[in-house]
Structure formats: structure tokens, C-alpha cells
Amino acid sequence: MLNKISIYLSENPTLRYWIIRPEWVAVILLIISIIASLQLSPFFADLAFIMDSATPYVEYGLIAIVLTLIIISGEIDLSIASMIALTAVIFGTVYNAGFGMPLSILIGVLSGALCGLFNGILVTKLQIPSIILTIGTLTLYRGIAQALASDFSLGGYPSWFIGIDYRYVGIIPIPVIIFTVFAIVVGFLLSSTIYGKQLYLIGTNPQTAKYSGIKVDKIKLLLFTFSGVISGIAGVLTTSRLAVARFNMATGAELEIVLMVMLGGTYIFGGRGNIFGTFVAFWIVVILRAGFNVARIKIESQLTILGAMLIIAIILTNYIYSKSQK
Amino acid sequence: MSIFDKFLRIRELGIFSIIIIVVITASIIDSRFLTIDSWRAVFLAIPLILVMAMGQMMVIICRHVDISIGSILAFAAITIGFVFIHYPNTSLLMALFITASVGTIMGLVNGIIVTRFNVHSIIVTLGTLSLYRGLVFIVSGGRQIDRNDIPVHIISFSQTSFLFSIPAILILSVIIVLITHLIMRHSVLGREIYATGSNPEAAHLKGINVTKVTLFCFGVCGMLAGVAGLFYASRFGYVNPGVTGVGIEFIVIAGVIIGGTSITGGSGSVLGTFLGILLLGIINVALPVLNIPGEFQKAIYGLIIVLALSLDQLIIFRMKKLGGGANA
């Protein structure tokens, strides 16, 4: 039976292309995790509960969407979590220095853009491999945040700013709406515009892309800056949610963000992947985390499972691509 | 070729001159920096990082990076802590053996995943970084190993020794450095590591078992991180599952990279790495002397990594222009 299917599939490349895809792994995992969570607690049948559990991860989800683009283009940005902390701290410092709220938000987001631009310039101009460079800037940005804020929590924001996760439209919290709209817009840009196609080409073969007249360096520079901007927005969102900004915010968040992208079936070597996968993977992480908490598994012990999942996700994705697209 | 270019080819000289500059600046600002006490502080701070850096250097020369070493250190330290709780009479050699074995296994797991599935080592070890840290919490149940759990002969291991009461961890780490130097410079295996890092395909065609060499590097890296776990327990007298070894991987990587080990593999030396770690140790002690708050330390380390990476790349550009490769 299995043999017949595989023969049938090998005779129909189009069908094979659609059936053997890593995103289906994410979808199947999502279904499994929902079923498992339902066994655990009836709360998981409550959509409002799941929506509420999702808000703390929206910041990571937003960045995961951008990181998907970066990984498709063959680079990676691991400094994202540090950029959240740095922009939040800069935002808090500037606000406490007496700047108005709109200006503080602008400065926070712009500082993120600068961090991203810095990454981008070093990657494109000096050709430092992004994976190791962003390990360096990860330490640098977190260090600057620590130097700026020391061990203090920067608070004192007006009440309308605090608690964006408690604002709802119907039962859906505003952050989740922001995330969904962002995912749809970026997903559309990636799948249906020339810019998206260029991104896939850059990731598949940067040399060919260059000779085809695509401004590879410029696009990569833009992507890294974009990653900084979104990290800046995530930093402001996190500050709104927690009501304070600290240098050690989002410590270790790079694991969850990379996990979302990898679970979504984006190919670590670039050129393949899509936003739909990352979007589904975001919900897997949300439901798993909520499930762990309901099952009262310690936060630290959850790391073991997330770490193992990251490795398994990469191995599975590589395996599926090696089978489906020879 | 100008003198400047010749100078660039001897990477250790560059880092050595930076050390001299830092030391002179620090001692001009405050003469306390030149006292025996502050040098004792430097040499007590570095053994832990130095030992880990030897393993990390091998891995980086082999074109990989292992960022899970902080968690390996913590796991080895917590394991040996529980051994001490149940068997306080465990000898030093036995403790070394246990931590080294634990570390080797964890390092090999990294190595096997990297070589078997051909995934970039940073992503794999980002996963195992969390995985091992979670294991530390599961094994310890969140409990800290206190000072009175660790036997006296283990504590004294980092305080004194038979040789002019130089701390034994310093002596042991120097021995490890010398052995690493012998392996890298004077053994076939060492040359194979360099060959694998410079060009894995060519190394394979030349008959080098690339998988085995890579596994060896990850194994040694894990082993030394495990040994550093014992150093940690001895030096600090406690092991906390949430604190021990967190973020230490970035200090180690910073030291290795500023020591002139190229991140693209195939070049780097034990002497350079030693000087790189020494510089970090000196900066660590110089900060309070220079009245720079401790909060700046991480930013400075980060800046050092980014600067070293940029410098490395600039040197490679220049070498390409001149023709001829960088010295291994």
C-alpha cells in the first residue's frame, strides 16, 4: 500500500510537491497538540483562553514572521531577543527623561532600526557570516541594555499605555489581531509579489540572483533593518504588557522565535519556506506552552522539550525537503 | 609587502600589543592595578574560561561553533554536586573523571546531530543549550548545591597546591593548554582538524575522516566544559541551576575570536586563544580599577566580539588582495 502510494507520487511530481511539504508537519503537530491539550484540561476548548494565552507570544510571533523572510534569503538574525530588550530599555529611559509618549515610541522603534541596520551593514559590506555576527551583536545589544538600565525596572507609564493585552475586539486581544494582520500582509508580499520571488531566488542562489539584476545586498540590508524595526515594536509591546522595561527581558527568546520558524518548515539553508508555516507554528508554541503550564511543568523544564523540538523540527524539515524536491 | 601587512600575519602580536596597551593605561590611571592582588585575581578568573576556550577553539577551527557549553558546564557541575552530597569522600581524580565523562557525552550528542543531519552547529547547539539547561533543572529539582555540600579537598583545589601554593586549577588548566598545543601543532590529528576546517571537501578527498575529526572536536569541547564544571564548583563553592554557566559561552567565544581564530575555520592557535582569554581576564579586573561599573562588562565583551569579527574579515580581504592565505 505504502509502496503503491510512493510510486504513484513519484509519477505525479505536482501532487508530490503539494502533499510532501513540511508545513503539513506543522499542521499535524498543531492538531496533535490541541487534542493532547484537550485531554489535559477542558479549558482548551475555550477559544478565549487560547487567545489570552497567545498574547505573551505575539511579540515573538511578529519577529518570527520577519525571521522567516531572513532565513529564506539565506541569512539569520539571532540578536532579535537582545534587540527587544535594548529597544524597550531605550524607550523606557527616553520616556522617563521627559520625552512624550509618541516621541518615545518613535525613538524606541528607530533604535531598533539602527541595531538592525548595523547588523545588515556588517553582514553585507564586511561579509561576516550573519549567524556568528548576530551571536556577537546578541551580546553587544544585551550588554548596552544592561549598561543603560543597570538592574532597575523602568516604569511610570500612563495607564492608557499599560496592558495592551487586556484590550479586546470581541474575544480577540489586540496583539493577536496585530499579529494576524501582519502575517497576512507579509505572507501576501512573499507569495504574490516580485519582491517575494526575489527573496526565494536570493536564498536559493545568491550568485545567480546577483547576475539576474537583483540588488542582493540592498534587499538583505532592508531585511535586517526590518527585523530591527519589528523588534523595536515588539519591545514597546512587551513594555506595555509588563508595565516595566528591564535589560533581561526576553532572555532566551531566540530559542522560541527560531523554533517557530523551523517548525513552520522554513529551510535552514534558505530558499524555501513560507509565512503560513510560521503562522501555524506560532499557535503550536502557544498551545504547548499553555499546555505545559496547565500540566504544571516547571518553566525551566519546558526548555528541555522546546530544545528537543527545535532539533527534531530541523531534522524533519531537512528530511522532507530531501525526499520531495530532489 | 609593507610592515603593516607582515604585522597582520602574526595575529598573536596584535593581541599581545593590545594587552600591553590595556595594562599600561590601567596602571597609569591607578597604580593599584599592578599589585600582586589584581594579577592573582586575573589568574584566578581565567582557568575556567581558558579550559573551555581550548575546546571551543578546536570546534571553531573545525568550522563549527558550540554555544551549549554553558549548559554542559552547569550539568556537569550539578551532577558532581549531587555525587558529593551522597559520597563526600569522592577523590579529586574521580570527580574529574565523572565531570569529563558527562561533558564528553553531551558534546558527542551535539557532534552526532551536527555530522549526521548536516545542520549548522549554532542552530543545533541553540537547541541543546536549552535542552541541557532544562535537564539541569530536572536533575536538580531546582535545588542549589551549597558550599557545605562540597567537600574541603575540592574547595582547596582552587585555593592552593603543593607548588608555591599556586592554585591547582591554574596548574591543571596550563597543563590542558599545553596538551592542546601539542595535539594541534604536533600530531596528525591536529593537522587533520586544520585541514577539515580549511576545506572539508578537500579534506574528505584527501582521505581524512571528516566526521570522526568533527566528532572528536565536539567531544573534547564537551569534555573540557565538563571539567570546567568541576572548576566552577571548586572555585565558587556553589552550583545554582539557574545561574551557573549562563552566558559564559559568549565570553568563551569572544576570547577565542579575539585570539585570532578565524570563524570561517582552518586557522587559529593555542597561544592566540590564551592571549585572548588573558585580555578578557585583564579587562575584567581592570574595569573596577578604571571606575567603570560592572554593568558595562557585557557590552564591552560584545563590542570586542564584533570588532574582532570585523578585523578578521578586513584581514582576509587584505590577504586576498595580496595573494596567499592567512597563516594557520
# chains A, B, ... in the order shown; residues from 1 in each chain; ligands from 1
>>> interface_residues(of="chain B", to="chain A", cutoff="8 Å", atoms="only C-alpha atoms", output="PyMOL selection string")
chain B and resi 117+119+122-124+126-135+137-138+250+254+263+295-303+305-306+309-310+313-314
>>> select_by_dssp(residues="segment 26-103 of chain B", states="alpha helix (DSSP H)", output="PyMOL selection string")
chain B and resi 26-29+36-61+69-86+92-103
>>> residues_around(residues="segment 70-87 of chain B", least_positions_apart="2", cutoff="9 Å", atoms="only C-alpha atoms", output="PDB file with N, CA and C atoms, in the first residue's frame")
ATOM      1  N   ILE B  67      27.526  26.540  21.131  1.00  0.00           N
ATOM      2  CA  ILE B  67      27.087  27.535  22.118  1.00  0.00           C
ATOM      3  C   ILE B  67      26.366  26.879  23.297  1.00  0.00           C
ATOM      4  N   SER B  68      26.444  25.530  23.380  1.00  0.00           N
ATOM      5  CA  SER B  68      25.760  24.876  24.501  1.00  0.00           C
ATOM      6  C   SER B  68      26.699  24.642  25.686  1.00  0.00           C
ATOM      7  N   ASN B  89      33.363  11.598  50.104  1.00  0.00           N
ATOM      8  CA  ASN B  89      34.775  11.221  50.063  1.00  0.00           C
ATOM      9  C   ASN B  89      35.300  11.018  48.647  1.00  0.00           C
ATOM     10  N   THR B  90      34.475  11.343  47.643  1.00  0.00           N
ATOM     11  CA  THR B  90      34.906  11.182  46.261  1.00  0.00           C
ATOM     12  C   THR B  90      36.223  11.917  46.043  1.00  0.00           C
ATOM     13  N   ALA B  95      36.317  12.756  40.645  1.00  0.00           N
ATOM     14  CA  ALA B  95      35.436  13.873  40.287  1.00  0.00           C
ATOM     15  C   ALA B  95      35.771  14.378  38.888  1.00  0.00           C
ATOM     16  N   ILE B  98      34.390  11.910  36.396  1.00  0.00           N
ATOM     17  CA  ILE B  98      32.927  11.974  36.238  1.00  0.00           C
ATOM     18  C   ILE B  98      32.532  13.183  35.398  1.00  0.00           C
ATOM     19  N   THR B  99      33.051  14.385  35.761  1.00  0.00           N
ATOM     20  CA  THR B  99      32.650  15.587  35.028  1.00  0.00           C
ATOM     21  C   THR B  99      33.085  15.499  33.571  1.00  0.00           C
ATOM     22  N   ALA B 100      34.320  14.962  33.355  1.00  0.00           N
ATOM     23  CA  ALA B 100      34.806  14.862  31.979  1.00  0.00           C
ATOM     24  C   ALA B 100      33.920  13.923  31.165  1.00  0.00           C
ATOM     25  N   SER B 101      33.489  12.802  31.783  1.00  0.00           N
ATOM     26  CA  SER B 101      32.649  11.853  31.029  1.00  0.00           C
ATOM     27  C   SER B 101      31.300  12.460  30.708  1.00  0.00           C
ATOM     28  N   VAL B 102      30.707  13.112  31.699  1.00  0.00           N
ATOM     29  CA  VAL B 102      29.399  13.745  31.461  1.00  0.00           C
ATOM     30  C   VAL B 102      29.510  14.739  30.312  1.00  0.00           C
ATOM     31  N   GLY B 103      30.553  15.572  30.377  1.00  0.00           N
ATOM     32  CA  GLY B 103      30.746  16.575  29.331  1.00  0.00           C
ATOM     33  C   GLY B 103      30.971  15.948  27.971  1.00  0.00           C
ATOM     34  N   MET B 106      27.745  14.764  26.393  1.00  0.00           N
ATOM     35  CA  MET B 106      26.900  15.854  25.889  1.00  0.00           C
ATOM     36  C   MET B 106      27.508  16.484  24.636  1.00  0.00           C
ATOM     37  N   GLY B 107      28.827  16.633  24.639  1.00  0.00           N
ATOM     38  CA  GLY B 107      29.490  17.183  23.460  1.00  0.00           C
ATOM     39  C   GLY B 107      29.306  16.277  22.259  1.00  0.00           C
ATOM     40  N   THR B 128      20.302  22.477  21.943  1.00  0.00           N
ATOM     41  CA  THR B 128      20.812  21.720  23.089  1.00  0.00           C
ATOM     42  C   THR B 128      21.135  22.638  24.257  1.00  0.00           C
ATOM     43  N   LEU B 129      21.447  23.912  23.967  1.00  0.00           N
ATOM     44  CA  LEU B 129      21.649  24.885  25.052  1.00  0.00           C
ATOM     45  C   LEU B 129      20.447  24.877  25.992  1.00  0.00           C
ATOM     46  N   SER B 130      19.232  24.930  25.415  1.00  0.00           N
ATOM     47  CA  SER B 130      18.026  24.915  26.243  1.00  0.00           C
ATOM     48  C   SER B 130      17.744  23.523  26.770  1.00  0.00           C
ATOM     49  N   LEU B 131      17.981  22.531  25.901  1.00  0.00           N
ATOM     50  CA  LEU B 131      17.702  21.152  26.295  1.00  0.00           C
ATOM     51  C   LEU B 131      18.515  20.778  27.539  1.00  0.00           C
ATOM     52  N   TYR B 132      19.826  21.047  27.499  1.00  0.00           N
ATOM     53  CA  TYR B 132      20.689  20.683  28.628  1.00  0.00           C
ATOM     54  C   TYR B 132      20.336  21.511  29.860  1.00  0.00           C
ATOM     55  N   ARG B 133      20.009  22.808  29.639  1.00  0.00           N
ATOM     56  CA  ARG B 133      19.664  23.655  30.788  1.00  0.00           C
ATOM     57  C   ARG B 133      18.405  23.109  31.450  1.00  0.00           C
ATOM     58  N   GLY B 134      17.442  22.666  30.628  1.00  0.00           N
ATOM     59  CA  GLY B 134      16.237  22.060  31.189  1.00  0.00           C
ATOM     60  C   GLY B 134      16.579  20.812  31.983  1.00  0.00           C
ATOM     61  N   LEU B 135      17.513  20.002  31.442  1.00  0.00           N
ATOM     62  CA  LEU B 135      17.932  18.779  32.142  1.00  0.00           C
ATOM     63  C   LEU B 135      18.538  19.118  33.499  1.00  0.00           C
ATOM     64  N   VAL B 136      19.311  20.228  33.552  1.00  0.00           N
ATOM     65  CA  VAL B 136      19.909  20.646  34.821  1.00  0.00           C
ATOM     66  C   VAL B 136      18.810  20.842  35.866  1.00  0.00           C
ATOM     67  N   PHE B 137      17.712  21.500  35.445  1.00  0.00           N
ATOM     68  CA  PHE B 137      16.609  21.745  36.381  1.00  0.00           C
ATOM     69  C   PHE B 137      15.910  20.456  36.753  1.00  0.00           C
ATOM     70  N   VAL B 139      17.169  17.352  36.755  1.00  0.00           N
ATOM     71  CA  VAL B 139      18.027  16.521  37.601  1.00  0.00           C
ATOM     72  C   VAL B 139      18.099  17.082  39.019  1.00  0.00           C
ATOM     73  N   SER B 140      18.242  18.413  39.112  1.00  0.00           N
ATOM     74  CA  SER B 140      18.449  19.008  40.436  1.00  0.00           C
ATOM     75  C   SER B 140      17.138  19.296  41.150  1.00  0.00           C
ATOM     76  N   GLN B 144      19.718  24.160  44.792  1.00  0.00           N
ATOM     77  CA  GLN B 144      21.084  24.642  44.647  1.00  0.00           C
ATOM     78  C   GLN B 144      22.034  23.768  45.454  1.00  0.00           C
ATOM     79  N   ILE B 145      23.264  23.563  44.922  1.00  0.00           N
ATOM     80  CA  ILE B 145      24.303  22.862  45.691  1.00  0.00           C
ATOM     81  C   ILE B 145      25.017  23.921  46.537  1.00  0.00           C
ATOM     82  N   ASP B 146      24.973  23.772  47.850  1.00  0.00           N
ATOM     83  CA  ASP B 146      25.536  24.809  48.715  1.00  0.00           C
ATOM     84  C   ASP B 146      26.999  24.545  49.015  1.00  0.00           C
ATOM     85  N   ASP B 149      27.954  21.468  50.947  1.00  0.00           N
ATOM     86  CA  ASP B 149      27.799  20.188  50.246  1.00  0.00           C
ATOM     87  C   ASP B 149      29.099  19.784  49.566  1.00  0.00           C
ATOM     88  N   ILE B 150      29.939  20.768  49.303  1.00  0.00           N
ATOM     89  CA  ILE B 150      31.153  20.480  48.540  1.00  0.00           C
ATOM     90  C   ILE B 150      32.310  20.251  49.499  1.00  0.00           C
ATOM     91  N   PRO B 151      32.963  19.057  49.414  1.00  0.00           N
ATOM     92  CA  PRO B 151      33.992  18.711  50.387  1.00  0.00           C
ATOM     93  C   PRO B 151      35.193  19.671  50.355  1.00  0.00           C
ATOM     94  N   GLY B 222      33.045  19.332  24.735  1.00  0.00           N
ATOM     95  CA  GLY B 222      32.142  18.965  25.821  1.00  0.00           C
ATOM     96  C   GLY B 222      32.902  18.519  27.052  1.00  0.00           C
ATOM     97  N   MET B 223      33.973  17.718  26.839  1.00  0.00           N
ATOM     98  CA  MET B 223      34.757  17.207  27.961  1.00  0.00           C
ATOM     99  C   MET B 223      35.328  18.364  28.780  1.00  0.00           C
ATOM    100  N   LEU B 224      35.925  19.340  28.069  1.00  0.00           N
ATOM    101  CA  LEU B 224      36.552  20.458  28.785  1.00  0.00           C
ATOM    102  C   LEU B 224      35.496  21.322  29.468  1.00  0.00           C
ATOM    103  N   ALA B 225      34.303  21.450  28.847  1.00  0.00           N
ATOM    104  CA  ALA B 225      33.226  22.192  29.515  1.00  0.00           C
ATOM    105  C   ALA B 225      32.817  21.462  30.784  1.00  0.00           C
ATOM    106  N   GLY B 226      32.824  20.124  30.729  1.00  0.00           N
ATOM    107  CA  GLY B 226      32.508  19.326  31.914  1.00  0.00           C
ATOM    108  C   GLY B 226      33.532  19.548  33.012  1.00  0.00           C
ATOM    109  N   VAL B 227      34.826  19.514  32.633  1.00  0.00           N
ATOM    110  CA  VAL B 227      35.890  19.754  33.605  1.00  0.00           C
ATOM    111  C   VAL B 227      35.735  21.152  34.217  1.00  0.00           C
ATOM    112  N   ALA B 228      35.361  22.123  33.363  1.00  0.00           N
ATOM    113  CA  ALA B 228      35.151  23.482  33.860  1.00  0.00           C
ATOM    114  C   ALA B 228      34.023  23.496  34.894  1.00  0.00           C
ATOM    115  N   GLY B 229      33.081  22.561  34.768  1.00  0.00           N
ATOM    116  CA  GLY B 229      32.009  22.447  35.757  1.00  0.00           C
ATOM    117  C   GLY B 229      32.571  22.138  37.141  1.00  0.00           C
ATOM    118  N   LEU B 230      33.564  21.224  37.189  1.00  0.00           N
ATOM    119  CA  LEU B 230      34.218  20.918  38.472  1.00  0.00           C
ATOM    120  C   LEU B 230      34.969  22.150  38.979  1.00  0.00           C
ATOM    121  N   PHE B 231      35.652  22.849  38.061  1.00  0.00           N
ATOM    122  CA  PHE B 231      36.370  24.077  38.429  1.00  0.00           C
ATOM    123  C   PHE B 231      35.393  25.060  39.074  1.00  0.00           C
ATOM    124  N   TYR B 232      34.209  25.169  38.458  1.00  0.00           N
ATOM    125  CA  TYR B 232      33.210  26.128  38.937  1.00  0.00           C
ATOM    126  C   TYR B 232      32.791  25.778  40.359  1.00  0.00           C
ATOM    127  N   ALA B 233      32.471  24.485  40.557  1.00  0.00           N
ATOM    128  CA  ALA B 233      32.039  24.058  41.890  1.00  0.00           C
ATOM    129  C   ALA B 233      33.136  24.342  42.906  1.00  0.00           C
ATOM    130  N   TYR B 238      29.448  26.903  45.053  1.00  0.00           N
ATOM    131  CA  TYR B 238      28.018  26.616  44.961  1.00  0.00           C
ATOM    132  C   TYR B 238      27.700  26.341  43.501  1.00  0.00           C
ATOM    133  N   VAL B 239      26.600  25.644  43.273  1.00  0.00           N
ATOM    134  CA  VAL B 239      26.126  25.445  41.908  1.00  0.00           C
ATOM    135  C   VAL B 239      24.637  25.751  41.901  1.00  0.00           C
ATOM    136  N   ASN B 240      24.250  26.753  41.145  1.00  0.00           N
ATOM    137  CA  ASN B 240      22.839  27.123  41.068  1.00  0.00           C
ATOM    138  C   ASN B 240      22.317  26.801  39.675  1.00  0.00           C
ATOM    139  N   PRO B 241      21.252  25.995  39.576  1.00  0.00           N
ATOM    140  CA  PRO B 241      20.790  25.570  38.253  1.00  0.00           C
ATOM    141  C   PRO B 241      20.420  26.728  37.331  1.00  0.00           C
ATOM    142  N   GLY B 242      19.993  27.870  37.890  1.00  0.00           N
ATOM    143  CA  GLY B 242      19.562  28.973  37.035  1.00  0.00           C
ATOM    144  C   GLY B 242      20.646  29.984  36.739  1.00  0.00           C
ATOM    145  N   VAL B 243      21.780  29.890  37.441  1.00  0.00           N
ATOM    146  CA  VAL B 243      22.818  30.917  37.302  1.00  0.00           C
ATOM    147  C   VAL B 243      24.103  30.356  36.694  1.00  0.00           C
ATOM    148  N   THR B 244      24.504  29.164  37.172  1.00  0.00           N
ATOM    149  CA  THR B 244      25.793  28.604  36.792  1.00  0.00           C
ATOM    150  C   THR B 244      25.942  28.475  35.282  1.00  0.00           C
ATOM    151  N   GLY B 245      26.957  29.128  34.753  1.00  0.00           N
ATOM    152  CA  GLY B 245      27.308  28.950  33.340  1.00  0.00           C
ATOM    153  C   GLY B 245      26.399  29.662  32.364  1.00  0.00           C
ATOM    154  N   VAL B 246      25.440  30.468  32.839  1.00  0.00           N
ATOM    155  CA  VAL B 246      24.564  31.170  31.897  1.00  0.00           C
ATOM    156  C   VAL B 246      25.358  32.274  31.206  1.00  0.00           C
ATOM    157  N   GLY B 247      25.374  32.242  29.879  1.00  0.00           N
ATOM    158  CA  GLY B 247      26.039  33.301  29.119  1.00  0.00           C
ATOM    159  C   GLY B 247      27.545  33.174  29.041  1.00  0.00           C
ATOM    160  N   ILE B 248      28.111  32.131  29.669  1.00  0.00           N
ATOM    161  CA  ILE B 248      29.571  32.008  29.656  1.00  0.00           C
ATOM    162  C   ILE B 248      30.068  31.671  28.254  1.00  0.00           C
ATOM    163  N   GLU B 249      29.175  31.046  27.429  1.00  0.00           N
ATOM    164  CA  GLU B 249      29.604  30.655  26.083  1.00  0.00           C
ATOM    165  C   GLU B 249      30.030  31.871  25.271  1.00  0.00           C
ATOM    166  N   PHE B 250      29.367  33.023  25.519  1.00  0.00           N
ATOM    167  CA  PHE B 250      29.696  34.201  24.716  1.00  0.00           C
ATOM    168  C   PHE B 250      31.049  34.776  25.128  1.00  0.00           C
TER     169      PHE B 250
END
